Structures are given as C-alpha cells and as structure tokens.
file run_34.pdb (PDB, C-alpha atoms)
ATOM      1  CA  MET A1464       0.000   0.000   0.000  1.00  0.00           C
ATOM      2  CA  SER A1465       1.454   3.381  -0.922  1.00  0.00           C
ATOM      3  CA  ALA A1466       0.676   6.755   0.568  1.00  0.00           C
ATOM      4  CA  THR A1467      -1.277   9.149  -1.627  1.00  0.00           C
ATOM      5  CA  PHE A1468      -1.311  12.885  -1.061  1.00  0.00           C
ATOM      6  CA  SER A1469      -3.870  15.152  -2.691  1.00  0.00           C
ATOM      7  CA  SER A1470      -1.763  18.286  -2.359  1.00  0.00           C
ATOM      8  CA  PRO A1471       1.747  19.262  -1.304  1.00  0.00           C
ATOM      9  CA  HIS A1472       0.281  20.415   2.012  1.00  0.00           C
ATOM     10  CA  ASP A1473      -0.636  16.800   2.853  1.00  0.00           C
ATOM     11  CA  VAL A1474       2.983  15.616   2.688  1.00  0.00           C
ATOM     12  CA  PRO A1475       4.391  15.044   6.174  1.00  0.00           C
ATOM     13  CA  HIS A1476       6.236  18.036   7.592  1.00  0.00           C
ATOM     14  CA  VAL A1477      10.022  17.931   7.675  1.00  0.00           C
ATOM     15  CA  PRO A1478      10.938  19.210  11.131  1.00  0.00           C
ATOM     16  CA  ALA A1479      12.862  22.475  11.469  1.00  0.00           C
ATOM     17  CA  GLU A1480      15.840  20.535  12.793  1.00  0.00           C
ATOM     18  CA  GLN A1481      16.168  19.041   9.323  1.00  0.00           C
ATOM     19  CA  GLU A1482      18.879  21.453   8.345  1.00  0.00           C
ATOM     20  CA  VAL A1483      21.160  20.941   5.401  1.00  0.00           C
ATOM     21  CA  ARG A1484      23.946  19.845   7.780  1.00  0.00           C
ATOM     22  CA  TYR A1485      22.178  16.512   8.287  1.00  0.00           C
ATOM     23  CA  TRP A1486      21.846  15.750   4.576  1.00  0.00           C
ATOM     24  CA  MET A1487      24.805  17.352   2.816  1.00  0.00           C
ATOM     25  CA  ARG A1488      27.570  15.193   1.436  1.00  0.00           C
ATOM     26  CA  THR A1489      30.871  15.617   3.240  1.00  0.00           C
ATOM     27  CA  PRO A1490      33.591  16.036   2.543  1.00  0.00           C
ATOM     28  CA  ALA A1491      32.711  17.764  -0.690  1.00  0.00           C
ATOM     29  CA  VAL A1492      34.734  16.789  -3.731  1.00  0.00           C
ATOM     30  CA  THR A1493      36.199  20.092  -4.915  1.00  0.00           C
ATOM     31  CA  ILE A1494      38.488  21.230  -7.702  1.00  0.00           C
ATOM     32  CA  ASN A1495      41.115  23.951  -7.677  1.00  0.00           C
ATOM     33  CA  LEU A1496      40.497  27.082  -9.708  1.00  0.00           C
ATOM     34  CA  ALA A1497      43.584  26.525 -11.871  1.00  0.00           C
ATOM     35  CA  ALA A1498      43.051  22.806 -12.540  1.00  0.00           C
ATOM     36  CA  PRO A1499      42.651  21.697 -16.145  1.00  0.00           C
ATOM     37  CA  LEU A1500      39.184  20.676 -17.346  1.00  0.00           C
ATOM     38  CA  SER A1501      40.494  17.175 -17.927  1.00  0.00           C
ATOM     39  CA  GLU A1502      41.126  16.876 -14.174  1.00  0.00           C
ATOM     40  CA  ALA A1503      37.644  18.181 -13.337  1.00  0.00           C
ATOM     41  CA  LEU A1504      36.109  15.626 -15.674  1.00  0.00           C
ATOM     42  CA  ALA A1505      38.243  12.850 -14.162  1.00  0.00           C
ATOM     43  CA  PHE A1506      37.146  13.854 -10.618  1.00  0.00           C
ATOM     44  CA  MET A1507      33.503  13.823 -11.693  1.00  0.00           C
ATOM     45  CA  ARG A1508      33.855  10.345 -13.143  1.00  0.00           C
ATOM     46  CA  GLU A1509      35.890   9.029 -10.209  1.00  0.00           C
ATOM     47  CA  HIS A1510      33.435  10.314  -7.589  1.00  0.00           C
ATOM     48  CA  ASP A1511      30.262   9.845  -9.672  1.00  0.00           C
ATOM     49  CA  VAL A1512      29.186  13.490  -9.361  1.00  0.00           C
ATOM     50  CA  ARG A1513      27.897  15.991 -11.913  1.00  0.00           C
ATOM     51  CA  ARG A1514      29.127  19.190 -10.288  1.00  0.00           C
ATOM     52  CA  LEU A1515      32.147  20.386  -8.347  1.00  0.00           C
ATOM     53  CA  PRO A1516      32.626  23.434  -6.152  1.00  0.00           C
ATOM     54  CA  VAL A1517      35.661  25.372  -7.412  1.00  0.00           C
ATOM     55  CA  VAL A1518      38.001  26.538  -4.652  1.00  0.00           C
ATOM     56  CA  ILE A1519      41.274  28.339  -4.106  1.00  0.00           C
ATOM     57  CA  ASP A1520      44.089  26.823  -2.016  1.00  0.00           C
ATOM     58  CA  THR A1521      42.443  27.849   1.284  1.00  0.00           C
ATOM     59  CA  GLY A1522      39.255  25.951   0.364  1.00  0.00           C
ATOM     60  CA  GLU A1523      37.333  29.180  -0.212  1.00  0.00           C
ATOM     61  CA  LEU A1524      34.554  28.926  -2.787  1.00  0.00           C
ATOM     62  CA  ARG A1525      35.157  30.730  -6.070  1.00  0.00           C
ATOM     63  CA  GLY A1526      32.821  29.004  -8.504  1.00  0.00           C
ATOM     64  CA  MET A1527      30.949  25.885  -9.601  1.00  0.00           C
ATOM     65  CA  ILE A1528      31.637  23.690 -12.593  1.00  0.00           C
ATOM     66  CA  THR A1529      29.196  21.152 -13.981  1.00  0.00           C
ATOM     67  CA  GLN A1530      29.288  18.465 -16.614  1.00  0.00           C
ATOM     68  CA  GLY A1531      27.219  20.847 -18.730  1.00  0.00           C
ATOM     69  CA  ASP A1532      29.914  23.517 -18.462  1.00  0.00           C
ATOM     70  CA  ILE A1533      32.481  21.010 -19.671  1.00  0.00           C
ATOM     71  CA  ARG A1534      30.231  19.823 -22.488  1.00  0.00           C
ATOM     72  CA  GLY A1535      29.874  23.444 -23.550  1.00  0.00           C
ATOM     73  CA  ALA A1536      33.651  23.704 -23.725  1.00  0.00           C
ATOM     74  CA  ASP A1537      33.786  20.471 -25.730  1.00  0.00           C
ATOM     75  CA  ILE A1538      32.632  22.020 -29.009  1.00  0.00           C
ATOM     76  CA  MET A1539      35.557  20.438 -30.815  1.00  0.00           C
ATOM     77  CA  ARG A1540      33.865  17.028 -30.567  1.00  0.00           C
ATOM     78  CA  VAL A1541      30.844  18.416 -32.373  1.00  0.00           C
ATOM     79  CA  ALA A1542      33.162  19.888 -35.002  1.00  0.00           C
ATOM     80  CA  GLY A1543      34.535  16.395 -35.663  1.00  0.00           C
ATOM     81  CA  PHE A1544      37.896  16.481 -33.900  1.00  0.00           C
ATOM     82  CA  ASP A1545      39.511  13.241 -32.742  1.00  0.00           C
ATOM     83  CA  PRO A1546      38.805  12.320 -29.063  1.00  0.00           C
ATOM     84  CA  LEU A1547      42.548  12.253 -28.328  1.00  0.00           C
ATOM     85  CA  ASP A1548      42.880  15.791 -29.684  1.00  0.00           C
ATOM     86  CA  ILE A1549      39.954  16.859 -27.509  1.00  0.00           C
ATOM     87  CA  ALA A1550      41.507  15.301 -24.396  1.00  0.00           C
ATOM     88  CA  GLN A1551      44.758  17.092 -25.159  1.00  0.00           C
ATOM     89  CA  ALA A1552      42.959  20.406 -25.652  1.00  0.00           C
ATOM     90  CA  LEU A1553      41.039  20.030 -22.375  1.00  0.00           C
ATOM     91  CA  ARG A1554      44.357  19.760 -20.540  1.00  0.00           C
ATOM     92  CA  HIS A1555      45.065  23.347 -21.565  1.00  0.00           C
ATOM     93  CA  VAL A1556      41.680  24.822 -20.613  1.00  0.00           C
ATOM     94  CA  LYS A1557      41.502  25.778 -16.944  1.00  0.00           C
ATOM     95  CA  VAL A1558      38.457  25.287 -14.741  1.00  0.00           C
ATOM     96  CA  TYR A1559      38.143  29.031 -14.089  1.00  0.00           C
ATOM     97  CA  GLU A1560      37.661  29.641 -17.804  1.00  0.00           C
ATOM     98  CA  VAL A1561      34.317  27.800 -17.919  1.00  0.00           C
ATOM     99  CA  MET A1562      33.041  27.717 -14.311  1.00  0.00           C
ATOM    100  CA  THR A1563      30.132  29.714 -12.955  1.00  0.00           C
ATOM    101  CA  ASN A1564      31.611  32.602 -10.971  1.00  0.00           C
ATOM    102  CA  ASP A1565      30.331  33.604  -7.535  1.00  0.00           C
ATOM    103  CA  PRO A1566      27.855  30.740  -7.199  1.00  0.00           C
ATOM    104  CA  MET A1567      25.003  30.803  -4.749  1.00  0.00           C
ATOM    105  CA  ALA A1568      25.965  28.923  -1.590  1.00  0.00           C
ATOM    106  CA  ILE A1569      24.214  27.961   1.626  1.00  0.00           C
ATOM    107  CA  THR A1570      25.252  27.275   5.211  1.00  0.00           C
ATOM    108  CA  PRO A1571      24.813  24.084   7.241  1.00  0.00           C
ATOM    109  CA  GLU A1572      21.984  25.821   9.123  1.00  0.00           C
ATOM    110  CA  THR A1573      19.937  26.408   5.966  1.00  0.00           C
ATOM    111  CA  GLY A1574      16.655  24.520   6.079  1.00  0.00           C
ATOM    112  CA  LEU A1575      15.961  21.778   3.553  1.00  0.00           C
ATOM    113  CA  ARG A1576      12.911  23.634   2.224  1.00  0.00           C
ATOM    114  CA  GLU A1577      14.918  26.796   1.619  1.00  0.00           C
ATOM    115  CA  ALA A1578      17.670  24.819  -0.120  1.00  0.00           C
ATOM    116  CA  ALA A1579      15.083  23.065  -2.289  1.00  0.00           C
ATOM    117  CA  MET A1580      13.381  26.340  -3.203  1.00  0.00           C
ATOM    118  CA  LEU A1581      16.702  27.943  -4.171  1.00  0.00           C
ATOM    119  CA  MET A1582      17.472  24.959  -6.389  1.00  0.00           C
ATOM    120  CA  ILE A1583      14.021  25.010  -7.998  1.00  0.00           C
ATOM    121  CA  GLU A1584      13.886  28.772  -8.538  1.00  0.00           C
ATOM    122  CA  ASN A1585      17.396  28.924  -9.992  1.00  0.00           C
ATOM    123  CA  LYS A1586      17.352  25.557 -11.798  1.00  0.00           C
ATOM    124  CA  PHE A1587      20.392  24.334  -9.858  1.00  0.00           C
ATOM    125  CA  GLY A1588      21.104  20.641  -9.403  1.00  0.00           C
ATOM    126  CA  GLY A1589      23.086  21.284  -6.242  1.00  0.00           C
ATOM    127  CA  LEU A1590      24.412  23.933  -3.904  1.00  0.00           C
ATOM    128  CA  PRO A1591      27.765  24.142  -2.147  1.00  0.00           C
ATOM    129  CA  VAL A1592      27.595  24.379   1.645  1.00  0.00           C
ATOM    130  CA  VAL A1593      30.111  26.817   3.129  1.00  0.00           C
ATOM    131  CA  ASP A1594      31.303  27.818   6.581  1.00  0.00           C
ATOM    132  CA  ASP A1595      31.478  31.385   7.883  1.00  0.00           C
ATOM    133  CA  GLN A1596      34.748  31.930   5.979  1.00  0.00           C
ATOM    134  CA  ASN A1597      33.202  30.773   2.678  1.00  0.00           C
ATOM    135  CA  ARG A1598      35.166  27.494   2.744  1.00  0.00           C
ATOM    136  CA  VAL A1599      33.369  24.558   1.169  1.00  0.00           C
ATOM    137  CA  ILE A1600      32.402  21.971   3.781  1.00  0.00           C
ATOM    138  CA  GLY A1601      29.801  19.999   1.849  1.00  0.00           C
ATOM    139  CA  ILE A1602      27.321  19.946  -0.986  1.00  0.00           C
ATOM    140  CA  ILE A1603      23.589  19.281  -1.141  1.00  0.00           C
ATOM    141  CA  THR A1604      22.127  17.973  -4.370  1.00  0.00           C
ATOM    142  CA  GLU A1605      18.741  17.208  -5.819  1.00  0.00           C
ATOM    143  CA  SER A1606      19.434  13.531  -5.076  1.00  0.00           C
ATOM    144  CA  ASP A1607      19.907  14.337  -1.377  1.00  0.00           C
ATOM    145  CA  LEU A1608      16.584  16.187  -1.330  1.00  0.00           C
ATOM    146  CA  PHE A1609      14.814  13.310  -3.067  1.00  0.00           C
ATOM    147  CA  GLU A1610      16.226  11.019  -0.394  1.00  0.00           C
ATOM    148  CA  THR A1611      14.643  13.144   2.347  1.00  0.00           C
ATOM    149  CA  LEU A1612      11.327  13.112   0.494  1.00  0.00           C
ATOM    150  CA  VAL A1613      11.362   9.329   0.109  1.00  0.00           C
ATOM    151  CA  LEU A1614      12.151   8.885   3.804  1.00  0.00           C
ATOM    152  CA  GLN A1615       9.290  11.212   4.759  1.00  0.00           C
ATOM    153  CA  LEU A1616       6.884   9.388   2.440  1.00  0.00           C
ATOM    154  CA  ASP A1617       7.990   6.035   3.869  1.00  0.00           C
ATOM    155  CA  LYS A1618       7.433   7.384   7.371  1.00  0.00           C
ATOM    156  CA  ALA A1619       3.947   8.585   6.409  1.00  0.00           C
ATOM    157  CA  GLN A1620       3.139   5.209   4.874  1.00  0.00           C
ATOM    158  CA  ASP A1621       4.262   3.424   8.037  1.00  0.00           C
ATOM    159  CA  ASN A1622       1.921   5.637  10.079  1.00  0.00           C
ATOM    160  CA  MET A1623      -1.126   4.922   7.896  1.00  0.00           C
ATOM    161  CA  PRO A1624      -3.764   2.532   9.274  1.00  0.00           C
TER     162      PRO A1624
END
call {"tool": "encode", "arguments": {"input": "run_34.pdb", "output": "structure tokens"}}
result
Amino acid sequence: MSATFSSPHDVPHVPAEQEVRYWMRTPAVTINLAAPLSEALAFMREHDVRRLPVVIDTGELRGMITQGDIRGADIMRVAGFDPLDIAQALRHVKVYEVMTNDPMAITPETGLREAAMLMIENKFGGLPVVDDQNRVIGIITESDLFETLVLQLDKAQDNMP
C-alpha cells in the first residue's frame, strides 16, 4: 500500500531541525580554480558526481563547474575532432575559464525547504555548503533532497492505518 497525497500540504512536515547539515555530502569533492578541465572531468567520473565546487588553495569557494559547463567547452567534438585531440585540448583549458563565478551557496543551518526552493527557482542541481569563511564543507544535491522526500513518504506510509 502506498501513501497518496492530494496536495503538497498533505505531505508530512520535515521538522525544522532538518537542516542541510544533516543531509549534505561531506567532505565535498572540490576542484582547484587553476586545474585543467580534464582533471575536473576525471574527478567527476571518479566520484560519480555531476558538479564540483571550485576553490582556491584555502578551500574558499570561487565558482561551480558542472558536466554541462564542460560539455559546452567540448565544441571540438561536435566539429569532428579526434577524441585524443579533444583530451589534449582540455588539458590546456583551466576550470576558471568555464566555471560559474560567484555561485550561490548555503550554510549548514539552511533549512531543507529553503535549499530546495533555491534549487528550484534557480534551476540548480546542487548547492555548495560553506562555513562562515566561505570554505566549502559539503554539498547538497537534488538527489539528497529526493532522499529526504522518500524517507518522509515512507514514514507517512508506516503511520497509515
């Protein structure tokens, strides 16, 4: 038997203590500002992520880079260049050349609802979580938010007669 909700207001409430800190992924996989795109792509594949916070040596957030950003820089493939030539070219393009500058970030105290609304309103797949010195300490993604929703729905189903 599955729970059915007639409106979003019927979905069980996520308590206020459900702050981002309890759901963010830590430590965040980050990439240095001056790293080549090839390294960013390798990190994404290695860690099975689609986005990376871009940091300077102190860990301070400077940008975000996504697989889409890298695909946008990969126009040579579309133009018919050899994959080995593309890989070589990506070694010379730096992350800062294609990243999103000054990305929106949240704190560990941000509520899940607020994080979700920021992601929906801005069409972001994830948000970096930073400390009071703007150092990246985690990341919250759409997958993390779906996980909270599934757990809440399971809890509601368990409480149904």
call {"tool": "resolve_selection", "arguments": {"input": "run_34.pdb", "expression": "the PyMOL selection byres ((chain A and resi 1497) around 9)", "output": "list of chain:residue names"}}
result
A:Ile1494, A:Asn1495, A:Leu1496, A:Ala1498, A:Pro1499, A:Ile1519, A:Lys1557, A:Val1558, A:Tyr1559, A:Glu1560
call {"tool": "residues_around", "arguments": {"input": "run_34.pdb", "residues": "stretch 1513-1517 of chain A", "least_positions_apart": "4", "cutoff": "7 Å", "atoms": "only C-alpha atoms", "output": "list in words"}}
result
Val1492, Thr1493, Ile1494, Asn1495, Leu1496, Met1507, Leu1524, Arg1525, Gly1526, Met1527, Ile1528, Thr1529, Gln1530 and Pro1591 of chain A
call {"tool": "closest_residue", "arguments": {"input": "run_34.pdb", "among": "A:Met1567, A:Ala1550, A:Val1518, A:Val1512", "to": "A:Ser1606", "atoms": "only C-alpha atoms"}}
result
A:Val1512
call {"tool": "closest_residue", "arguments": {"input": "run_34.pdb", "among": "A:Val1561, A:Asn1622, A:Trp1486, A:Lys1586", "to": "A:Phe1609", "atoms": "only C-alpha atoms"}}
result
A:Trp1486
call {"tool": "atom_distance", "arguments": {"input": "run_34.pdb", "atom1": "atom CA of A:Ile1603", "atom2": "atom CA of A:Arg1554"}}
result
28.4 Å
call {"tool": "atom_distance", "arguments": {"input": "run_34.pdb", "atom1": "atom CA of A:Ala1579", "atom2": "atom CA of A:Leu1608"}}
result
7.1 Å
call {"tool": "closest_residue", "arguments": {"input": "run_34.pdb", "among": "A:Glu1482, A:Glu1509, A:Glu1605, A:Asp1617", "to": "A:Ile1569", "atoms": "all atoms listed in the file"}}
result
A:Glu1482
call {"tool": "residues_near_point", "arguments": {"input": "run_34.pdb", "point": "(25.7, 18.9, -2.0)", "cutoff": "8 Å", "atoms": "all atoms listed in the file", "output": "PDB file with C-alpha atoms, in the frame of the given file"}}
result
ATOM      1  CA  MET A1487      24.805  17.352   2.816  1.00  0.00           C
ATOM      2  CA  ARG A1488      27.570  15.193   1.436  1.00  0.00           C
ATOM      3  CA  ALA A1491      32.711  17.764  -0.690  1.00  0.00           C
ATOM      4  CA  GLY A1589      23.086  21.284  -6.242  1.00  0.00           C
ATOM      5  CA  LEU A1590      24.412  23.933  -3.904  1.00  0.00           C
ATOM      6  CA  PRO A1591      27.765  24.142  -2.147  1.00  0.00           C
ATOM      7  CA  VAL A1592      27.595  24.379   1.645  1.00  0.00           C
ATOM      8  CA  GLY A1601      29.801  19.999   1.849  1.00  0.00           C
ATOM      9  CA  ILE A1602      27.321  19.946  -0.986  1.00  0.00           C
ATOM     10  CA  ILE A1603      23.589  19.281  -1.141  1.00  0.00           C
ATOM     11  CA  THR A1604      22.127  17.973  -4.370  1.00  0.00           C
ATOM     12  CA  ASP A1607      19.907  14.337  -1.377  1.00  0.00           C
TER      13      ASP A1607
END
call {"tool": "atom_distance", "arguments": {"input": "run_34.pdb", "atom1": "atom CA of A:Ile1583", "atom2": "atom CA of A:Arg1484"}}
result
19.3 Å
call {"tool": "closest_residue", "arguments": {"input": "run_34.pdb", "among": "A:Ser1501, A:Ala1619, A:Leu1581, A:Leu1612", "to": "A:Ala1552", "atoms": "all atoms listed in the file"}}
result
A:Ser1501
call {"tool": "resolve_selection", "arguments": {"input": "run_34.pdb", "expression": "the PyMOL selection byres ((chain A and resi 1574-1577) around 7)", "output": "PyMOL selection string"}}
result
chain A and resi 1479+1481-1483+1572-1573+1578-1581
call {"tool": "residues_around", "arguments": {"input": "run_34.pdb", "residues": "A:Thr1521", "least_positions_apart": "6", "cutoff": "10 Å", "atoms": "only C-alpha atoms", "output": "list in words"}}
result
Asn1495, Gln1596, Asn1597, Arg1598 and Val1599 of chain A
call {"tool": "closest_residue", "arguments": {"input": "run_34.pdb", "among": "A:Met1582, A:Leu1547, A:Leu1504, A:Ile1533", "to": "A:Thr1563", "atoms": "all atoms listed in the file"}}
result
A:Ile1533
call {"tool": "axis_aligned_box", "arguments": {"input": "run_34.pdb", "around": "stretch 1483-1494 of chain A", "padding_each_side": "3 Å", "output": "lines of an AutoDock Vina configuration file"}}
result
center_x = 29.8
center_y = 18.2
center_z = 0.3
size_x = 23.3
size_y = 12.0
size_z = 22.0
call {"tool": "build_atoms", "arguments": {"input": "run_34.pdb", "residues": "stretch 1557-1589 of chain A", "atoms": "N, CA and C atoms", "output": "compact mmCIF listing (two decimals), in the coordinates of the input"}}
result
# COMPACT_ATOMS: atom_id res chain seq x y z
N LYS A 1557 41.57 25.79 -18.40
CA LYS A 1557 41.50 25.78 -16.94
C LYS A 1557 40.05 25.87 -16.48
N VAL A 1558 39.79 25.30 -15.32
CA VAL A 1558 38.46 25.29 -14.74
C VAL A 1558 37.87 26.70 -14.68
N TYR A 1559 38.67 27.67 -14.25
CA TYR A 1559 38.14 29.03 -14.09
C TYR A 1559 37.66 29.65 -15.39
N GLU A 1560 38.07 29.09 -16.52
CA GLU A 1560 37.66 29.64 -17.80
C GLU A 1560 36.22 29.28 -18.17
N VAL A 1561 35.68 28.23 -17.56
CA VAL A 1561 34.32 27.80 -17.92
C VAL A 1561 33.37 27.68 -16.72
N MET A 1562 33.88 27.87 -15.51
CA MET A 1562 33.04 27.72 -14.31
C MET A 1562 32.04 28.86 -14.20
N THR A 1563 31.05 28.66 -13.35
CA THR A 1563 30.13 29.71 -12.96
C THR A 1563 30.79 30.48 -11.82
N ASN A 1564 30.99 31.77 -12.01
CA ASN A 1564 31.61 32.60 -10.97
C ASN A 1564 30.62 32.96 -9.89
N ASP A 1565 31.14 33.16 -8.68
CA ASP A 1565 30.33 33.60 -7.54
C ASP A 1565 29.02 32.84 -7.42
N PRO A 1566 29.09 31.52 -7.27
CA PRO A 1566 27.86 30.74 -7.20
C PRO A 1566 27.10 30.98 -5.89
N MET A 1567 25.82 30.75 -5.95
CA MET A 1567 25.00 30.80 -4.75
C MET A 1567 25.47 29.67 -3.85
N ALA A 1568 25.56 29.94 -2.56
CA ALA A 1568 25.96 28.92 -1.59
C ALA A 1568 25.06 29.04 -0.37
N ILE A 1569 25.03 27.98 0.42
CA ILE A 1569 24.21 27.96 1.63
C ILE A 1569 25.09 27.54 2.80
N THR A 1570 24.54 27.67 4.00
CA THR A 1570 25.25 27.28 5.21
C THR A 1570 24.67 25.97 5.74
N PRO A 1571 25.35 25.32 6.68
CA PRO A 1571 24.81 24.08 7.24
C PRO A 1571 23.49 24.29 7.96
N GLU A 1572 23.22 25.52 8.40
CA GLU A 1572 21.98 25.82 9.12
C GLU A 1572 20.79 26.08 8.20
N THR A 1573 21.02 26.18 6.92
CA THR A 1573 19.94 26.41 5.97
C THR A 1573 18.95 25.25 6.04
N GLY A 1574 17.68 25.56 6.05
CA GLY A 1574 16.66 24.52 6.08
C GLY A 1574 16.55 23.80 4.74
N LEU A 1575 16.11 22.56 4.79
CA LEU A 1575 15.96 21.78 3.55
C LEU A 1575 14.99 22.44 2.58
N ARG A 1576 13.89 22.99 3.10
CA ARG A 1576 12.91 23.63 2.22
C ARG A 1576 13.54 24.82 1.50
N GLU A 1577 14.28 25.64 2.24
CA GLU A 1577 14.92 26.80 1.62
C GLU A 1577 15.92 26.35 0.55
N ALA A 1578 16.71 25.33 0.86
CA ALA A 1578 17.67 24.82 -0.12
C ALA A 1578 16.94 24.32 -1.36
N ALA A 1579 15.85 23.58 -1.15
CA ALA A 1579 15.08 23.06 -2.29
C ALA A 1579 14.50 24.20 -3.12
N MET A 1580 13.97 25.21 -2.47
CA MET A 1580 13.38 26.34 -3.20
C MET A 1580 14.44 27.09 -4.00
N LEU A 1581 15.62 27.29 -3.43
CA LEU A 1581 16.70 27.94 -4.17
C LEU A 1581 17.07 27.14 -5.41
N MET A 1582 17.12 25.82 -5.26
CA MET A 1582 17.47 24.96 -6.39
C MET A 1582 16.38 24.99 -7.46
N ILE A 1583 15.13 24.97 -7.04
CA ILE A 1583 14.02 25.01 -8.00
C ILE A 1583 13.98 26.35 -8.72
N GLU A 1584 14.01 27.43 -7.95
CA GLU A 1584 13.89 28.77 -8.54
C GLU A 1584 15.03 29.11 -9.48
N ASN A 1585 16.22 28.59 -9.19
CA ASN A 1585 17.40 28.92 -9.99
C ASN A 1585 17.82 27.81 -10.94
N LYS A 1586 17.05 26.71 -10.94
CA LYS A 1586 17.35 25.56 -11.80
C LYS A 1586 18.77 25.02 -11.55
N PHE A 1587 19.11 24.90 -10.26
CA PHE A 1587 20.39 24.33 -9.86
C PHE A 1587 20.19 22.87 -9.48
N GLY A 1588 21.15 22.04 -9.81
CA GLY A 1588 21.10 20.64 -9.40
C GLY A 1588 21.75 20.41 -8.05
N GLY A 1589 22.42 21.41 -7.53
CA GLY A 1589 23.09 21.28 -6.24
C GLY A 1589 23.62 22.62 -5.78
